[in-house]
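Structure file final.pdb (PDB, C-alpha atoms, pLDDT in the B column) is printed below.
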ATOM      1  CA  PRO E 297     123.232  36.231  35.743  1.00 52.00           C
ATOM      2  CA  ALA E 298     123.917  38.443  32.875  1.00 53.00           C
ATOM      3  CA  GLY E 299     121.956  37.685  29.777  1.00 52.00           C
ATOM      4  CA  PRO E 300     123.231  37.692  26.273  1.00 54.00           C
ATOM      5  CA  ALA E 301     124.259  41.091  25.065  1.00 56.00           C
ATOM      6  CA  GLY E 302     121.659  42.576  22.800  1.00 55.00           C
ATOM      7  CA  PRO E 303     122.332  44.878  19.943  1.00 59.00           C
ATOM      8  CA  ALA E 304     124.311  47.923  20.889  1.00 59.00           C
ATOM      9  CA  ALA E 305     122.193  50.949  21.677  1.00 58.00           C
ATOM     10  CA  PRO E 306     122.327  53.494  18.898  1.00 60.00           C
ATOM     11  CA  ALA E 307     124.629  56.400  19.556  1.00 59.00           C
ATOM     12  CA  ALA E 308     122.906  59.565  20.622  1.00 56.00           C
ATOM     13  CA  PRO E 309     122.497  61.832  17.612  1.00 58.00           C
ATOM     14  CA  GLU E 310     124.725  64.882  17.600  1.00 64.00           C
ATOM     15  CA  ALA E 311     122.881  68.072  18.208  1.00 62.00           C
ATOM     16  CA  ALA E 312     122.427  69.911  14.958  1.00 69.00           C
ATOM     17  CA  VAL E 313     123.769  73.431  15.060  1.00 74.00           C
ATOM     18  CA  VAL E 314     121.076  75.702  13.722  1.00 73.00           C
ATOM     19  CA  PRO E 315     122.113  79.287  13.210  1.00 74.00           C
ATOM     20  CA  ALA E 316     119.988  81.808  14.999  1.00 74.00           C
ATOM     21  CA  PRO E 317     117.640  83.578  12.629  1.00 76.00           C
ATOM     22  CA  ALA E 318     119.019  86.879  11.465  1.00 79.00           C
ATOM     23  CA  ALA E 319     117.217  89.976  12.617  1.00 80.00           C
ATOM     24  CA  PRO E 320     114.889  91.161   9.865  1.00 88.00           C
ATOM     25  CA  GLN E 321     116.400  93.866   7.711  1.00 91.00           C
ATOM     26  CA  PRO E 322     114.591  97.200   7.542  1.00 94.00           C
ATOM     27  CA  PRO E 323     112.880  97.683   4.175  1.00 95.00           C
ATOM     28  CA  LEU E 324     114.655  99.385   1.308  1.00 97.00           C
ATOM     29  CA  ALA E 325     113.323 102.820   0.453  1.00 98.00           C
ATOM     30  CA  PRO E 326     111.830 103.073  -3.038  1.00 97.00           C
ATOM     31  CA  ASP E 327     114.132 104.699  -5.569  1.00 95.00           C
ATOM     32  CA  PHE E 328     113.184 108.085  -6.974  1.00 96.00           C
ATOM     33  CA  SER E 329     114.192 110.297  -9.845  1.00 96.00           C
ATOM     34  CA  LEU E 330     113.557 113.992  -9.184  1.00 98.00           C
ATOM     35  CA  GLU E 331     114.703 117.294 -10.594  1.00 97.00           C
ATOM     36  CA  GLY E 332     116.927 119.287  -8.259  1.00 98.00           C
ATOM     37  CA  THR E 333     117.231 123.038  -7.977  1.00 98.00           C
ATOM     38  CA  SER E 334     120.685 122.626  -9.537  1.00 96.00           C
ATOM     39  CA  GLY E 335     119.003 121.454 -12.749  1.00 96.00           C
ATOM     40  CA  GLN E 336     120.356 117.919 -12.258  1.00 97.00           C
ATOM     41  CA  THR E 337     118.148 114.845 -11.890  1.00 98.00           C
ATOM     42  CA  ARG E 338     118.808 113.059  -8.605  1.00 98.00           C
ATOM     43  CA  ARG E 339     118.086 109.465  -7.669  1.00 97.00           C
ATOM     44  CA  LEU E 340     118.262 107.759  -4.302  1.00 96.00           C
ATOM     45  CA  ARG E 341     121.215 105.712  -5.501  1.00 95.00           C
ATOM     46  CA  ASP E 342     123.204 108.959  -5.963  1.00 96.00           C
ATOM     47  CA  TYR E 343     123.425 109.110  -2.160  1.00 96.00           C
ATOM     48  CA  GLN E 344     124.416 105.469  -1.607  1.00 93.00           C
ATOM     49  CA  GLY E 345     127.275 105.113   0.856  1.00 95.00           C
ATOM     50  CA  ARG E 346     126.011 108.009   2.974  1.00 96.00           C
ATOM     51  CA  VAL E 347     123.322 108.138   5.626  1.00 97.00           C
ATOM     52  CA  VAL E 348     120.363 109.990   4.076  1.00 97.00           C
ATOM     53  CA  ILE E 349     118.157 112.417   5.965  1.00 97.00           C
ATOM     54  CA  LEU E 350     115.079 112.845   3.804  1.00 98.00           C
ATOM     55  CA  ILE E 351     112.645 115.691   4.526  1.00 97.00           C
ATOM     56  CA  TYR E 352     109.534 115.742   2.337  1.00 98.00           C
ATOM     57  CA  GLU E 353     107.175 118.704   2.542  1.00 97.00           C
ATOM     58  CA  ASP E 354     104.526 120.576   0.629  1.00 95.00           C
ATOM     59  CA  ARG E 355     103.262 124.139   0.905  1.00 93.00           C
ATOM     60  CA  ASP E 356     100.948 123.241   3.796  1.00 95.00           C
ATOM     61  CA  SER E 357     103.567 121.336   5.829  1.00 96.00           C
ATOM     62  CA  ASN E 358     106.815 123.226   5.282  1.00 94.00           C
ATOM     63  CA  GLN E 359     106.661 124.850   8.736  1.00 95.00           C
ATOM     64  CA  GLN E 360     105.884 121.670  10.735  1.00 96.00           C
ATOM     65  CA  ASN E 361     109.512 120.749  11.420  1.00 96.00           C
ATOM     66  CA  ASN E 362     111.208 124.144  11.584  1.00 94.00           C
ATOM     67  CA  ASP E 363     112.725 123.283  14.997  1.00 92.00           C
ATOM     68  CA  LEU E 364     114.263 120.117  13.559  1.00 93.00           C
ATOM     69  CA  LYS E 365     115.579 121.935  10.485  1.00 91.00           C
ATOM     70  CA  ARG E 366     117.170 124.632  12.667  1.00 90.00           C
ATOM     71  CA  GLU E 367     118.807 121.980  14.843  1.00 90.00           C
ATOM     72  CA  LEU E 368     120.062 120.118  11.752  1.00 89.00           C
ATOM     73  CA  ALA E 369     121.559 123.355  10.389  1.00 84.00           C
ATOM     74  CA  GLU E 370     123.281 124.087  13.711  1.00 86.00           C
ATOM     75  CA  ARG E 371     124.755 120.601  13.885  1.00 83.00           C
ATOM     76  CA  ALA E 372     125.878 120.819  10.253  1.00 79.00           C
ATOM     77  CA  ARG E 373     127.687 124.094  10.971  1.00 75.00           C
ATOM     78  CA  ALA E 374     129.337 122.583  14.048  1.00 82.00           C
ATOM     79  CA  GLN E 375     130.836 119.668  12.121  1.00 79.00           C
ATOM     80  CA  ASP E 376     131.241 118.776   8.456  1.00 74.00           C
ATOM     81  CA  LEU E 377     129.254 115.612   7.885  1.00 76.00           C
ATOM     82  CA  THR E 378     128.862 115.862   4.110  1.00 76.00           C
ATOM     83  CA  ARG E 379     131.073 112.821   3.515  1.00 82.00           C
ATOM     84  CA  ASP E 380     128.897 110.625   5.730  1.00 91.00           C
ATOM     85  CA  VAL E 381     125.459 112.277   5.624  1.00 93.00           C
ATOM     86  CA  ALA E 382     123.268 113.624   2.822  1.00 94.00           C
ATOM     87  CA  VAL E 383     120.419 115.942   3.768  1.00 93.00           C
ATOM     88  CA  VAL E 384     117.834 115.611   1.001  1.00 96.00           C
ATOM     89  CA  PRO E 385     114.955 118.092   1.203  1.00 97.00           C
ATOM     90  CA  VAL E 386     112.118 117.414  -1.237  1.00 98.00           C
ATOM     91  CA  ALA E 387     109.344 119.861  -2.132  1.00 98.00           C
ATOM     92  CA  ASN E 388     106.031 118.392  -3.283  1.00 97.00           C
ATOM     93  CA  LEU E 389     105.084 120.784  -6.088  1.00 97.00           C
ATOM     94  CA  SER E 390     102.377 118.643  -7.683  1.00 95.00           C
ATOM     95  CA  GLY E 391      99.781 121.353  -7.082  1.00 94.00           C
ATOM     96  CA  TYR E 392     101.842 123.753  -9.212  1.00 96.00           C
ATOM     97  CA  SER E 393     102.672 121.601 -12.231  1.00 92.00           C
ATOM     98  CA  PHE E 394     100.783 123.807 -14.690  1.00 94.00           C
ATOM     99  CA  TRP E 395     101.769 126.968 -16.551  1.00 93.00           C
ATOM    100  CA  PRO E 396     102.449 129.644 -15.270  1.00 95.00           C
ATOM    101  CA  ALA E 397     102.389 128.375 -11.665  1.00 96.00           C
ATOM    102  CA  ALA E 398     105.211 125.879 -12.303  1.00 96.00           C
ATOM    103  CA  GLY E 399     107.644 128.682 -13.160  1.00 96.00           C
ATOM    104  CA  PHE E 400     106.754 130.677 -10.061  1.00 96.00           C
ATOM    105  CA  ALA E 401     106.996 127.576  -7.854  1.00 97.00           C
ATOM    106  CA  ARG E 402     110.378 126.575  -9.317  1.00 97.00           C
ATOM    107  CA  ASP E 403     111.748 130.105  -8.818  1.00 97.00           C
ATOM    108  CA  ALA E 404     110.498 130.185  -5.208  1.00 96.00           C
ATOM    109  CA  VAL E 405     112.103 126.819  -4.394  1.00 97.00           C
ATOM    110  CA  ILE E 406     115.367 127.854  -6.082  1.00 97.00           C
ATOM    111  CA  ASP E 407     115.400 131.012  -3.943  1.00 97.00           C
ATOM    112  CA  ILE E 408     114.884 128.941  -0.786  1.00 95.00           C
ATOM    113  CA  ALA E 409     117.636 126.522  -1.864  1.00 95.00           C
ATOM    114  CA  ARG E 410     120.071 129.429  -2.339  1.00 96.00           C
ATOM    115  CA  GLU E 411     119.088 130.923   1.013  1.00 93.00           C
ATOM    116  CA  GLN E 412     119.592 127.559   2.739  1.00 88.00           C
ATOM    117  CA  GLY E 413     122.750 126.736   0.808  1.00 88.00           C
ATOM    118  CA  MET E 414     121.524 123.318  -0.286  1.00 90.00           C
ATOM    119  CA  GLU E 415     119.860 121.653  -3.225  1.00 96.00           C
ATOM    120  CA  ILE E 416     116.141 120.947  -2.939  1.00 97.00           C
ATOM    121  CA  LEU E 417     114.546 118.217  -5.027  1.00 98.00           C
ATOM    122  CA  MET E 418     111.161 118.886  -6.648  1.00 98.00           C
ATOM    123  CA  ASP E 419     108.380 116.289  -6.907  1.00 98.00           C
ATOM    124  CA  TRP E 420     106.157 117.696  -9.661  1.00 97.00           C
ATOM    125  CA  THR E 421     103.906 114.653 -10.116  1.00 95.00           C
ATOM    126  CA  SER E 422     103.630 113.190  -6.574  1.00 94.00           C
ATOM    127  CA  THR E 423     105.642 110.218  -7.822  1.00 94.00           C
ATOM    128  CA  MET E 424     107.721 110.090  -4.661  1.00 96.00           C
ATOM    129  CA  SER E 425     104.713 110.864  -2.496  1.00 95.00           C
ATOM    130  CA  GLY E 426     102.902 107.855  -3.962  1.00 95.00           C
ATOM    131  CA  ALA E 427     105.858 105.462  -3.756  1.00 96.00           C
ATOM    132  CA  TYR E 428     106.582 106.418  -0.135  1.00 97.00           C
ATOM    133  CA  ARG E 429     102.886 106.658   0.820  1.00 97.00           C
ATOM    134  CA  PHE E 430     103.164 110.247   2.010  1.00 97.00           C
ATOM    135  CA  ARG E 431      99.922 112.064   2.842  1.00 96.00           C
ATOM    136  CA  PRO E 432      99.349 115.635   1.677  1.00 94.00           C
ATOM    137  CA  SER E 433      99.801 118.517   4.139  1.00 96.00           C
ATOM    138  CA  THR E 434     102.155 116.421   6.266  1.00 97.00           C
ATOM    139  CA  SER E 435     105.886 116.820   6.723  1.00 97.00           C
ATOM    140  CA  TYR E 436     107.806 113.534   6.579  1.00 98.00           C
ATOM    141  CA  VAL E 437     111.246 112.958   8.044  1.00 98.00           C
ATOM    142  CA  MET E 438     113.181 109.796   7.294  1.00 98.00           C
ATOM    143  CA  VAL E 439     116.643 108.407   7.963  1.00 98.00           C
ATOM    144  CA  LEU E 440     117.995 105.884   5.462  1.00 98.00           C
ATOM    145  CA  SER E 441     121.035 103.686   6.003  1.00 97.00           C
ATOM    146  CA  ARG E 442     124.049 103.851   3.721  1.00 96.00           C
ATOM    147  CA  GLU E 443     122.403 101.042   1.723  1.00 95.00           C
ATOM    148  CA  GLY E 444     119.050 102.855   1.461  1.00 97.00           C
ATOM    149  CA  ARG E 445     117.163 101.006   4.211  1.00 97.00           C
ATOM    150  CA  VAL E 446     114.504 102.879   6.183  1.00 98.00           C
ATOM    151  CA  LEU E 447     115.800 103.284   9.736  1.00 98.00           C
ATOM    152  CA  PHE E 448     113.454 106.052  10.895  1.00 98.00           C
ATOM    153  CA  ARG E 449     110.210 107.496   9.557  1.00 98.00           C
ATOM    154  CA  HIS E 450     107.968 110.095  11.136  1.00 98.00           C
ATOM    155  CA  ALA E 451     104.913 111.969   9.836  1.00 98.00           C
ATOM    156  CA  GLY E 452     104.172 115.437  11.147  1.00 97.00           C
ATOM    157  CA  ALA E 453     106.075 117.620  13.565  1.00 96.00           C
ATOM    158  CA  LEU E 454     108.693 115.729  15.554  1.00 95.00           C
ATOM    159  CA  PRO E 455     108.174 116.220  19.273  1.00 95.00           C
ATOM    160  CA  LEU E 456     111.307 116.428  21.431  1.00 94.00           C
ATOM    161  CA  ARG E 457     111.375 112.685  22.197  1.00 95.00           C
ATOM    162  CA  ALA E 458     111.123 111.788  18.484  1.00 96.00           C
ATOM    163  CA  ARG E 459     113.862 114.343  17.639  1.00 95.00           C
ATOM    164  CA  MET E 460     116.135 112.703  20.215  1.00 95.00           C
ATOM    165  CA  ARG E 461     115.454 109.288  18.620  1.00 97.00           C
ATOM    166  CA  PHE E 462     116.011 110.777  15.145  1.00 97.00           C
ATOM    167  CA  PHE E 463     119.495 112.038  16.054  1.00 94.00           C
ATOM    168  CA  SER E 464     120.283 108.781  17.851  1.00 96.00           C
ATOM    169  CA  VAL E 465     119.397 106.776  14.719  1.00 97.00           C
ATOM    170  CA  ILE E 466     121.632 109.038  12.620  1.00 95.00           C
ATOM    171  CA  GLY E 467     124.545 108.513  15.020  1.00 93.00           C
ATOM    172  CA  GLU E 468     124.051 104.736  15.009  1.00 96.00           C
ATOM    173  CA  ALA E 469     123.849 104.665  11.208  1.00 96.00           C
ATOM    174  CA  MET E 470     127.003 106.760  10.852  1.00 93.00           C
ATOM    175  CA  ALA E 471     128.873 104.420  13.216  1.00 93.00           C
ATOM    176  CA  ARG E 472     128.173 101.445  10.952  1.00 89.00           C
ATOM    177  CA  PRO E 473     130.788 100.939   8.257  1.00 79.00           C
ATOM    178  CA  GLY E 474     129.644 101.860   4.806  1.00 64.00           C
TER     179      GLY E 474
END
Since I need it in another form, could you write the structure as structure tokens?
Amino acid sequence: PAGPAGPAAPAAPEAAVVPAPAAPQPPLAPDFSLEGTSGQTRRLRDYQGRVVILIYEDRDSNQQNNDLKRELAERARAQDLTRDVAVVPVANLSGYSFWPAAGFARDAVIDIAREQGMEILMDWTSTMSGAYRFRPSTSYVMVLSREGRVLFRHAGALPLRARMRFFSVIGEAMARPG
């Protein structure tokens, strides 16, 4: 025989919908304020909205990524990317920040900028080097998103595999809306 009905069993709790955790965002690059060969002061935020290719070198490292720089120049000639991409070369001139060396160094960098047809920024006090944790005598290549997030960073000469990844990251970053 059936016994007296007991209290109704509690309804099963509804499964809580928990959003999946968002993928961690790449870190923001530190801002900088550097003199350019044009005489203007440039900051990272001046390039916001474009993918930034940052190349930081000193006298001892300016030959380390010549293959990459040649390939970048060839690609730039093949298609105009200036609306979407900013190539930002930076010369570490901290070893020349005294008179009369500073004048000679500035003139040499201005000549290179004219020859290359692009502005070069000058880090006279290693401010950028310190903020970005760049080591002396090492070429650094970085790709920053349109918002200034570090998408790619490499110290030293980029071997072929790293160059392929570098260009892949640039393409992916350009494909994202800005």
Considering all atoms listed in the file, state which residue in the set E:Pro432, E:Pro473, E:Gly391, E:Gly335 is at the smallest distance from Asp356 of chain E.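 The closest residue to Asp356 of chain E is E:Pro432.
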Which residues, protein or nucleic acid, reach to within 12 Å of (103.6, 108.3, 0.3) in the file's coordinates when using only C-alpha atoms, and can you give that as a PyMOL selection string? chain E and resi 325-326+352-353+388+419+422-438+449-451
If we count all atoms listed in the file, what is near Met414 of chain E at a cut-off of 9 Å, once residues fewer than 2 positions away on the same chain are taken out, given as a list in words?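 Once the adjacent positions are removed, what remains is Thr333, Val383, Val384, Pro385, Ile408, Ala409, Arg410, Glu411, Gln412 and Ile416 of chain E.
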Gap from atom CA of Leu330 of chain E to atom CA of Thr421 of chain E - Å, one decimal: 9.7 Å
Choose the residue, out of E:Leu440, E:Val386, E:Ala319, E:Leu454, that has the smallest atom-to-atom separation from Ile406 of chain E; count all atoms listed in the file.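 Closest candidate: E:Val386.
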Between E:Leu364, E:Val446, E:Ala382, E:Val347, which residue has the minimum interatomic distance to Met470 of chain E, considering all atoms listed in the file?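 Looking at the shortest contact to Met470 of chain E, the residue is E:Val347.
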